[in-house]
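A.B. asks: Sending over a structure as structure tokens; questions will come in a sec.
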Amino acid sequence: MSLLIDEAVKKIPYYPKAMMYGLEEGWVRLASNENPFPPSKEVISRLLDVLLNVNRYPGGEADLKGAVAGLYGIKPDQVVFGDGSDELIEMVLRAMKSEGRDRVIVTEPSFPFYSIAAAIYGYEVRKVPIKDMKVSLPDVREAVDDRTRVIFLNNPLNPTGTIFDDDAFRLFLSGLPDDVLIVLDEAYAEFAESAKFPDTLSYLNNHQVLALRTFSKAYALAGLRIGYALGEASLISYLERTRQPFSVNALALVAADAAFADRAYLAHVLENNRKGKAFLYGELKKLSLDSIPTEANFILFRLGADADSVVKRLFEEKILVRWMGAYGLPEYIRVTVGTPAENEEFIRALGRAMT
């Protein structure tokens with residue numbers, strides 16, 4: 001007897017999960033856009049305090065909601081947490097199910113889980129190619145039809161690090177049917193330096209706009225899996241109803257609360273990213289490699305037909321970077337901005353791998 005598996009699930013490609021190498025000493029992990037630093041000392045202290053209470057179900061969401069809402073000048077009922085951004089994406093797809101409205105729009109390339117989750121929940125995925133390494137909002141708008149239910153927009157865009165600006169987004173939003181949900185996935189928003197980055201908070205009272213943020217990147221909590229969504233209160237309430245009970249674990253909640261409060265740590269991370277980007281831009285240029293200006297904590301650069309082989313050679317030296325073949329960019333490599341020492345080691349190894 002064979003299992004009856006939905007055809008949409010059979011067609012889902014294996015998600016390119018982060019390499020699990022490099023957790024031991026001697027590896028340089030620059031493949032998954034992780035924060036290169038351990039969490040702040042405040043986070044570690046709070047985690048140690050709560051360890052003896054993990055026999056109890058999680059609490060503390062109200063405190064964290066208050067902290068997030070207070071920083072952004074919104075109300076706590078405009079915030080919902082999830083087991084990483086992945087759960088929030090699934091919550092959106094569950095809440096937005098509607099007969100006859102079964103289409104999701106994503107850009108190509110972008111975060112792969114949008115398409116994977118949409119297929120799992122029975123949506124048809126329409127992919128809109130990017131132009132000049134950027135999301136083309138007019139092309140996305142052109143793809144909208146009467147079956148469209150959700151649009152996922154990754155900004156800054158993974159894997160390019162580029163953004164669309166506030167003026168372009170405002171124009172895009174003004175022309176959309178009012179029953180289409182736009183999900184702004186802003187996992188890298190803390191790193192964006194452009195004054196033209198969309199003023200996301202100004203859109204939150206619009207029931208069409210939902211913003212996703214995460215503690216995985218700038219706050220160094222990738223291993224604890226906690227993200228959050230910001231939106232209009234009634235929209236947030238519907239997402240809450242689709243969520244598993246206690247989906248965010250107690251350690252993640254405590255760590256996120258401590259991390260969010262430590263603004264000095266965040267400033268240190270962002271300063272390291274600014275300096276690291278400048279260093280990598282300069283060194284890649286010395287190697288005659290073209291890089292894409294980024295608003296995130298990673299840099300995409302073109303190496304050519306040998307990109308996959310170079311990534312493998314770097315792996316042999318215990319340096320992890322990401323070949324972009326799975327994103328439809330086989331001549332490109334994406335490298336996370338690491339510590340100064342990691343960035344220097346990567347550049348030295350890259351020079352050897354290219355010879």
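Residues are named by chain letter and number: chains run A, B, ... in the order of the structure tokens, numbers start at 1 in each chain, and ligands are numbered from 1 in the order shown.
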Within 8 Å of range 34-41 of chain A, counting only C-alpha atoms, which residues qualify if same-chain residues fewer than 6 places away don't, as a PyMOL selection string?

C.D. replies: chain A and resi 216-222+259+262+265+269+336-339

A.B. asks: Based on the selection just made, write N, CA and C atoms of those residues as a PDB file, in the first residue's frame.

C.D. replies:
```pdb
ATOM      1  N   SER A 216      16.102  36.825  14.810  1.00  0.00           N
ATOM      2  CA  SER A 216      17.142  35.897  14.384  1.00  0.00           C
ATOM      3  C   SER A 216      18.414  36.589  13.925  1.00  0.00           C
ATOM      4  N   LYS A 217      18.284  37.739  13.298  1.00  0.00           N
ATOM      5  CA  LYS A 217      19.428  38.358  12.630  1.00  0.00           C
ATOM      6  C   LYS A 217      20.146  39.359  13.530  1.00  0.00           C
ATOM      7  N   ALA A 218      19.651  40.583  13.589  1.00  0.00           N
ATOM      8  CA  ALA A 218      20.350  41.631  14.334  1.00  0.00           C
ATOM      9  C   ALA A 218      20.463  41.323  15.819  1.00  0.00           C
ATOM     10  N   TYR A 219      19.497  40.561  16.362  1.00  0.00           N
ATOM     11  CA  TYR A 219      19.487  40.288  17.804  1.00  0.00           C
ATOM     12  C   TYR A 219      20.147  38.966  18.175  1.00  0.00           C
ATOM     13  N   ALA A 220      20.643  38.226  17.184  1.00  0.00           N
ATOM     14  CA  ALA A 220      21.460  37.023  17.427  1.00  0.00           C
ATOM     15  C   ALA A 220      20.723  35.887  18.107  1.00  0.00           C
ATOM     16  N   LEU A 221      19.440  35.695  17.779  1.00  0.00           N
ATOM     17  CA  LEU A 221      18.672  34.612  18.403  1.00  0.00           C
ATOM     18  C   LEU A 221      18.184  33.589  17.375  1.00  0.00           C
ATOM     19  N   ALA A 222      18.940  33.383  16.303  1.00  0.00           N
ATOM     20  CA  ALA A 222      18.494  32.473  15.244  1.00  0.00           C
ATOM     21  C   ALA A 222      18.180  31.079  15.770  1.00  0.00           C
ATOM     22  N   ALA A 259      17.054  40.903  24.673  1.00  0.00           N
ATOM     23  CA  ALA A 259      17.759  41.386  23.479  1.00  0.00           C
ATOM     24  C   ALA A 259      17.165  42.693  22.984  1.00  0.00           C
ATOM     25  N   ASP A 262      18.373  45.718  24.916  1.00  0.00           N
ATOM     26  CA  ASP A 262      19.800  46.054  24.906  1.00  0.00           C
ATOM     27  C   ASP A 262      20.143  46.803  23.621  1.00  0.00           C
ATOM     28  N   TYR A 265      23.923  46.856  22.498  1.00  0.00           N
ATOM     29  CA  TYR A 265      24.360  45.669  21.760  1.00  0.00           C
ATOM     30  C   TYR A 265      23.963  45.797  20.289  1.00  0.00           C
ATOM     31  N   VAL A 269      26.321  45.761  16.828  1.00  0.00           N
ATOM     32  CA  VAL A 269      26.111  44.854  15.694  1.00  0.00           C
ATOM     33  C   VAL A 269      25.998  45.647  14.393  1.00  0.00           C
ATOM     34  N   THR A 336      27.777  36.340   4.105  1.00  0.00           N
ATOM     35  CA  THR A 336      27.331  37.116   5.255  1.00  0.00           C
ATOM     36  C   THR A 336      28.470  37.982   5.756  1.00  0.00           C
ATOM     37  N   VAL A 337      28.140  39.176   6.239  1.00  0.00           N
ATOM     38  CA  VAL A 337      29.149  40.020   6.877  1.00  0.00           C
ATOM     39  C   VAL A 337      29.462  39.429   8.245  1.00  0.00           C
ATOM     40  N   GLY A 338      30.711  39.062   8.455  1.00  0.00           N
ATOM     41  CA  GLY A 338      31.108  38.443   9.715  1.00  0.00           C
ATOM     42  C   GLY A 338      31.834  39.419  10.626  1.00  0.00           C
ATOM     43  N   THR A 339      32.577  38.890  11.552  1.00  0.00           N
ATOM     44  CA  THR A 339      33.457  39.720  12.372  1.00  0.00           C
ATOM     45  C   THR A 339      34.612  40.190  11.493  1.00  0.00           C
TER      46      THR A 339
END
```

A.B. asks: What's the 10 Å shell around Gly59 in chain A, counting only C-alpha atoms, without same-chain residues fewer than 6 positions away, as a VMD selection string?

C.D. replies: chain A and resid 246 248 to 251 253 to 254

A.B. asks: Go ahead and write the residues just picked, C-alpha atoms, as a PDB file, in the first residue's frame.

C.D. replies:
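Output below, filename selection23.pdb:
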```pdb
ATOM      1  CA  PHE A 246       2.560  28.103  23.220  1.00  0.00           C
ATOM      2  CA  VAL A 248       7.100  30.277  21.071  1.00  0.00           C
ATOM      3  CA  ASN A 249       9.118  28.600  23.790  1.00  0.00           C
ATOM      4  CA  ALA A 250       9.902  30.115  27.186  1.00  0.00           C
ATOM      5  CA  LEU A 251      13.619  30.576  26.505  1.00  0.00           C
ATOM      6  CA  LEU A 253      10.489  34.828  24.918  1.00  0.00           C
ATOM      7  CA  VAL A 254      12.869  35.686  27.744  1.00  0.00           C
TER       8      VAL A 254
END
```

A.B. asks: Taking the chain letters and numbering used in this document, name the residues of range 163-228 of chain A that DSSP puts in alpha helix (DSSP H), as a PyMOL selection string.

C.D. replies: chain A and resi 166-174

A.B. asks: How many Å lie between CA of Gly231 in chain A and CA of Ala62 in chain A, rounded to one decimal?

C.D. replies: 16.5 Å

A.B. asks: Identify, on the basis of only C-alpha atoms, every residue whose closest approach to Thr162 in chain A does not exceed 10 Å; exclude the query and any residue fewer than 2 positions from it along the same chain; express the result as a PDB file with N, CA and C atoms, in the first residue's frame.

C.D. replies:
```pdb
ATOM      1  N   ASP A 132      17.089  43.913 -12.625  1.00  0.00           N
ATOM      2  CA  ASP A 132      18.308  44.585 -12.178  1.00  0.00           C
ATOM      3  C   ASP A 132      18.566  44.333 -10.698  1.00  0.00           C
ATOM      4  N   MET A 133      18.294  43.096 -10.275  1.00  0.00           N
ATOM      5  CA  MET A 133      18.529  42.642  -8.905  1.00  0.00           C
ATOM      6  C   MET A 133      17.597  43.312  -7.884  1.00  0.00           C
ATOM      7  N   LYS A 134      16.496  43.888  -8.353  1.00  0.00           N
ATOM      8  CA  LYS A 134      15.554  44.553  -7.462  1.00  0.00           C
ATOM      9  C   LYS A 134      14.134  44.070  -7.716  1.00  0.00           C
ATOM     10  N   VAL A 135      13.301  44.173  -6.689  1.00  0.00           N
ATOM     11  CA  VAL A 135      11.875  43.897  -6.855  1.00  0.00           C
ATOM     12  C   VAL A 135      11.276  44.979  -7.736  1.00  0.00           C
ATOM     13  N   ASN A 154       9.759  40.739   0.031  1.00  0.00           N
ATOM     14  CA  ASN A 154      10.934  40.624   0.891  1.00  0.00           C
ATOM     15  C   ASN A 154      11.757  41.911   0.748  1.00  0.00           C
ATOM     16  N   ASN A 155      11.893  42.690   1.823  1.00  0.00           N
ATOM     17  CA  ASN A 155      12.547  43.997   1.723  1.00  0.00           C
ATOM     18  C   ASN A 155      13.320  44.306   3.004  1.00  0.00           C
ATOM     19  N   PRO A 156      14.672  44.378   2.991  1.00  0.00           N
ATOM     20  CA  PRO A 156      15.579  44.116   1.875  1.00  0.00           C
ATOM     21  C   PRO A 156      15.415  42.690   1.324  1.00  0.00           C
ATOM     22  N   LEU A 157      15.678  42.584   0.045  1.00  0.00           N
ATOM     23  CA  LEU A 157      15.455  41.328  -0.654  1.00  0.00           C
ATOM     24  C   LEU A 157      16.603  40.353  -0.414  1.00  0.00           C
ATOM     25  N   ASN A 158      16.261  39.167   0.027  1.00  0.00           N
ATOM     26  CA  ASN A 158      17.203  38.055   0.096  1.00  0.00           C
ATOM     27  C   ASN A 158      17.045  37.254  -1.192  1.00  0.00           C
ATOM     28  N   PRO A 159      18.076  37.170  -2.057  1.00  0.00           N
ATOM     29  CA  PRO A 159      19.497  37.214  -1.723  1.00  0.00           C
ATOM     30  C   PRO A 159      20.265  38.457  -2.185  1.00  0.00           C
ATOM     31  N   THR A 160      19.623  39.491  -2.716  1.00  0.00           N
ATOM     32  CA  THR A 160      20.386  40.581  -3.326  1.00  0.00           C
ATOM     33  C   THR A 160      20.745  41.697  -2.349  1.00  0.00           C
ATOM     34  N   PHE A 164      13.104  48.232  -2.259  1.00  0.00           N
ATOM     35  CA  PHE A 164      12.246  49.206  -2.940  1.00  0.00           C
ATOM     36  C   PHE A 164      11.972  50.311  -1.932  1.00  0.00           C
ATOM     37  N   ASP A 165      11.761  51.536  -2.414  1.00  0.00           N
ATOM     38  CA  ASP A 165      11.680  52.663  -1.491  1.00  0.00           C
ATOM     39  C   ASP A 165      10.238  53.006  -1.121  1.00  0.00           C
ATOM     40  N   ALA A 192      19.143  48.128   7.350  1.00  0.00           N
ATOM     41  CA  ALA A 192      18.926  49.072   6.256  1.00  0.00           C
ATOM     42  C   ALA A 192      19.317  50.485   6.683  1.00  0.00           C
ATOM     43  N   ILE A 292      26.795  43.569  -5.371  1.00  0.00           N
ATOM     44  CA  ILE A 292      25.543  44.321  -5.388  1.00  0.00           C
ATOM     45  C   ILE A 292      25.478  45.157  -4.111  1.00  0.00           C
ATOM     46  N   PRO A 293      25.321  46.481  -4.202  1.00  0.00           N
ATOM     47  CA  PRO A 293      25.166  47.295  -2.989  1.00  0.00           C
ATOM     48  C   PRO A 293      24.006  46.777  -2.142  1.00  0.00           C
ATOM     49  N   THR A 294      24.249  46.591  -0.854  1.00  0.00           N
ATOM     50  CA  THR A 294      23.287  45.901  -0.004  1.00  0.00           C
ATOM     51  C   THR A 294      22.792  46.774   1.145  1.00  0.00           C
ATOM     52  N   GLU A 295      21.553  46.530   1.557  1.00  0.00           N
ATOM     53  CA  GLU A 295      20.980  47.160   2.749  1.00  0.00           C
ATOM     54  C   GLU A 295      20.776  46.115   3.848  1.00  0.00           C
ATOM     55  N   ALA A 296      21.447  44.983   3.698  1.00  0.00           N
ATOM     56  CA  ALA A 296      21.281  43.878   4.650  1.00  0.00           C
ATOM     57  C   ALA A 296      22.620  43.535   5.286  1.00  0.00           C
ATOM     58  N   ILE A 299      26.300  40.200   1.349  1.00  0.00           N
ATOM     59  CA  ILE A 299      26.654  40.786   0.062  1.00  0.00           C
ATOM     60  C   ILE A 299      26.576  39.697  -1.003  1.00  0.00           C
ATOM     61  N   LEU A 300      25.913  40.012  -2.089  1.00  0.00           N
ATOM     62  CA  LEU A 300      25.844  39.127  -3.250  1.00  0.00           C
ATOM     63  C   LEU A 300      26.876  39.616  -4.268  1.00  0.00           C
TER      64      LEU A 300
END
```

A.B. asks: Any idea what's packed within 10 Å of Lys65 in chain A, counting only C-alpha atoms, ignoring anything in its chain fewer than 2 positions away? Could you give it as a ChimeraX atom specification?

C.D. replies: /A:60-63,67-70,75-81,228,257

A.B. asks: Go ahead and compute the interatomic distance for CA of Ala258 in chain A and CA of Leu48 in chain A, in Å to one decimal.

C.D. replies: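 Interatomic distance, CA of Ala258 in chain A to CA of Leu48 in chain A: 12.1 Å.
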
A.B. asks: Mind checking which residues fall within 8 Å of Thr107 in chain A, counting only C-alpha atoms, ignoring those fewer than 4 positions away in the same chain, and posting them as a ChimeraX atom specification?

C.D. replies: /A:127-130,135,140,152-153

A.B. asks: Out of A:Gly325, A:Gly351, A:Gly223, A:Gly73, which residue has the shortest atom-to-atom distance to Leu289 in chain A when counting only C-alpha atoms?

C.D. replies: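 The shortest atom-to-atom distance to Leu289 in chain A comes from A:Gly351.
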
A.B. asks: I'd like the contact shell of Val180 in chain A - 12 Å cut-off, only C-alpha atoms, skipping same-chain residues fewer than 3 positions apart - returned as a ChimeraX atom specification.

C.D. replies: /A:92,96-98,101-105,141,144-152,173-177,183,206-210

A.B. asks: Excluding Ala353 in chain A and its own-chain neighbours fewer than 2 positions away, which residues fall within 9 Å of it when counting only C-alpha atoms? Please give them as an mmCIF file with C-alpha atoms, in the first residue's frame.

C.D. replies:
```cif
data_model
loop_
_atom_site.group_PDB
_atom_site.id
_atom_site.type_symbol
_atom_site.label_atom_id
_atom_site.label_comp_id
_atom_site.auth_asym_id
_atom_site.auth_seq_id
_atom_site.Cartn_x
_atom_site.Cartn_y
_atom_site.Cartn_z
ATOM 1 C CA SER A 309 33.448 25.131 -7.499
ATOM 2 C CA VAL A 310 34.830 28.089 -5.539
ATOM 3 C CA VAL A 311 32.224 27.579 -2.820
ATOM 4 C CA LYS A 312 33.300 23.943 -2.561
ATOM 5 C CA ARG A 313 36.963 24.942 -2.308
ATOM 6 C CA LEU A 314 36.107 27.395 0.453
ATOM 7 C CA ARG A 348 42.271 35.453 1.898
ATOM 8 C CA ALA A 349 40.662 32.072 1.245
ATOM 9 C CA LEU A 350 38.619 33.437 -1.674
ATOM 10 C CA GLY A 351 41.794 34.687 -3.349
ATOM 11 C CA THR A 355 43.571 30.708 -8.498
#
```

A.B. asks: If you run DSSP over the backbone, which residues in range 175-321 of chain A end up strand (DSSP E)? Put them as an NGL selection string.

C.D. replies: :A and (181-185 or 209-214 or 227-231 or 290-291 or 298-302 or 319-320)

A.B. asks: With C-alpha atoms retained, export the selected residues as a PDB file, in the first residue's frame.

C.D. replies:
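For reference, result34.pdb as written:
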```pdb
ATOM      1  CA  LEU A 181      -2.877  41.290   1.819  1.00  0.00           C
ATOM      2  CA  ILE A 182       0.654  42.601   1.344  1.00  0.00           C
ATOM      3  CA  VAL A 183       3.184  40.916   3.640  1.00  0.00           C
ATOM      4  CA  LEU A 184       6.331  43.004   4.023  1.00  0.00           C
ATOM      5  CA  ASP A 185       8.987  40.572   5.220  1.00  0.00           C
ATOM      6  CA  VAL A 209      -0.304  45.609   5.216  1.00  0.00           C
ATOM      7  CA  LEU A 210       1.425  43.194   7.561  1.00  0.00           C
ATOM      8  CA  ALA A 211       5.097  43.588   8.491  1.00  0.00           C
ATOM      9  CA  LEU A 212       7.255  40.652   9.568  1.00  0.00           C
ATOM     10  CA  ARG A 213      10.350  41.168  11.712  1.00  0.00           C
ATOM     11  CA  THR A 214      12.661  38.731  13.459  1.00  0.00           C
ATOM     12  CA  GLY A 227       9.793  36.374  15.005  1.00  0.00           C
ATOM     13  CA  TYR A 228       6.955  38.855  15.166  1.00  0.00           C
ATOM     14  CA  ALA A 229       4.360  40.501  12.963  1.00  0.00           C
ATOM     15  CA  LEU A 230       3.062  44.062  13.168  1.00  0.00           C
ATOM     16  CA  GLY A 231      -0.289  45.093  11.762  1.00  0.00           C
ATOM     17  CA  ASP A 290      31.304  42.927  -8.939  1.00  0.00           C
ATOM     18  CA  SER A 291      29.122  43.114  -5.822  1.00  0.00           C
ATOM     19  CA  PHE A 298      25.132  40.003   3.435  1.00  0.00           C
ATOM     20  CA  ILE A 299      26.654  40.786   0.062  1.00  0.00           C
ATOM     21  CA  LEU A 300      25.844  39.127  -3.250  1.00  0.00           C
ATOM     22  CA  PHE A 301      28.700  39.104  -5.740  1.00  0.00           C
ATOM     23  CA  ARG A 302      29.244  37.659  -9.177  1.00  0.00           C
ATOM     24  CA  ILE A 319      34.594  28.555   5.281  1.00  0.00           C
ATOM     25  CA  LEU A 320      30.869  28.450   4.591  1.00  0.00           C
TER      26      LEU A 320
END
```

A.B. asks: For CA of Val125 in chain A and CA of Ile89 in chain A, quote the distance in Å rounded to one decimal.

C.D. replies: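 Separating CA of Val125 in chain A from CA of Ile89 in chain A is a distance of 14.1 Å.
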
A.B. asks: Hey, which of A:Asn297, A:Asp306, A:Asp139, A:Tyr281 ends up closest to Phe191 in chain A? Count only C-alpha atoms.

C.D. replies: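 Checking each of A:Asn297, A:Asp306, A:Asp139, A:Tyr281 against Phe191 in chain A, counting only C-alpha atoms, the winner is A:Asn297.
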
A.B. asks: Counting only C-alpha atoms, which of A:Ala261, A:Ile44, A:Leu280, A:Ile120 gets nearest to Glu345 in chain A?

C.D. replies: A:Leu280
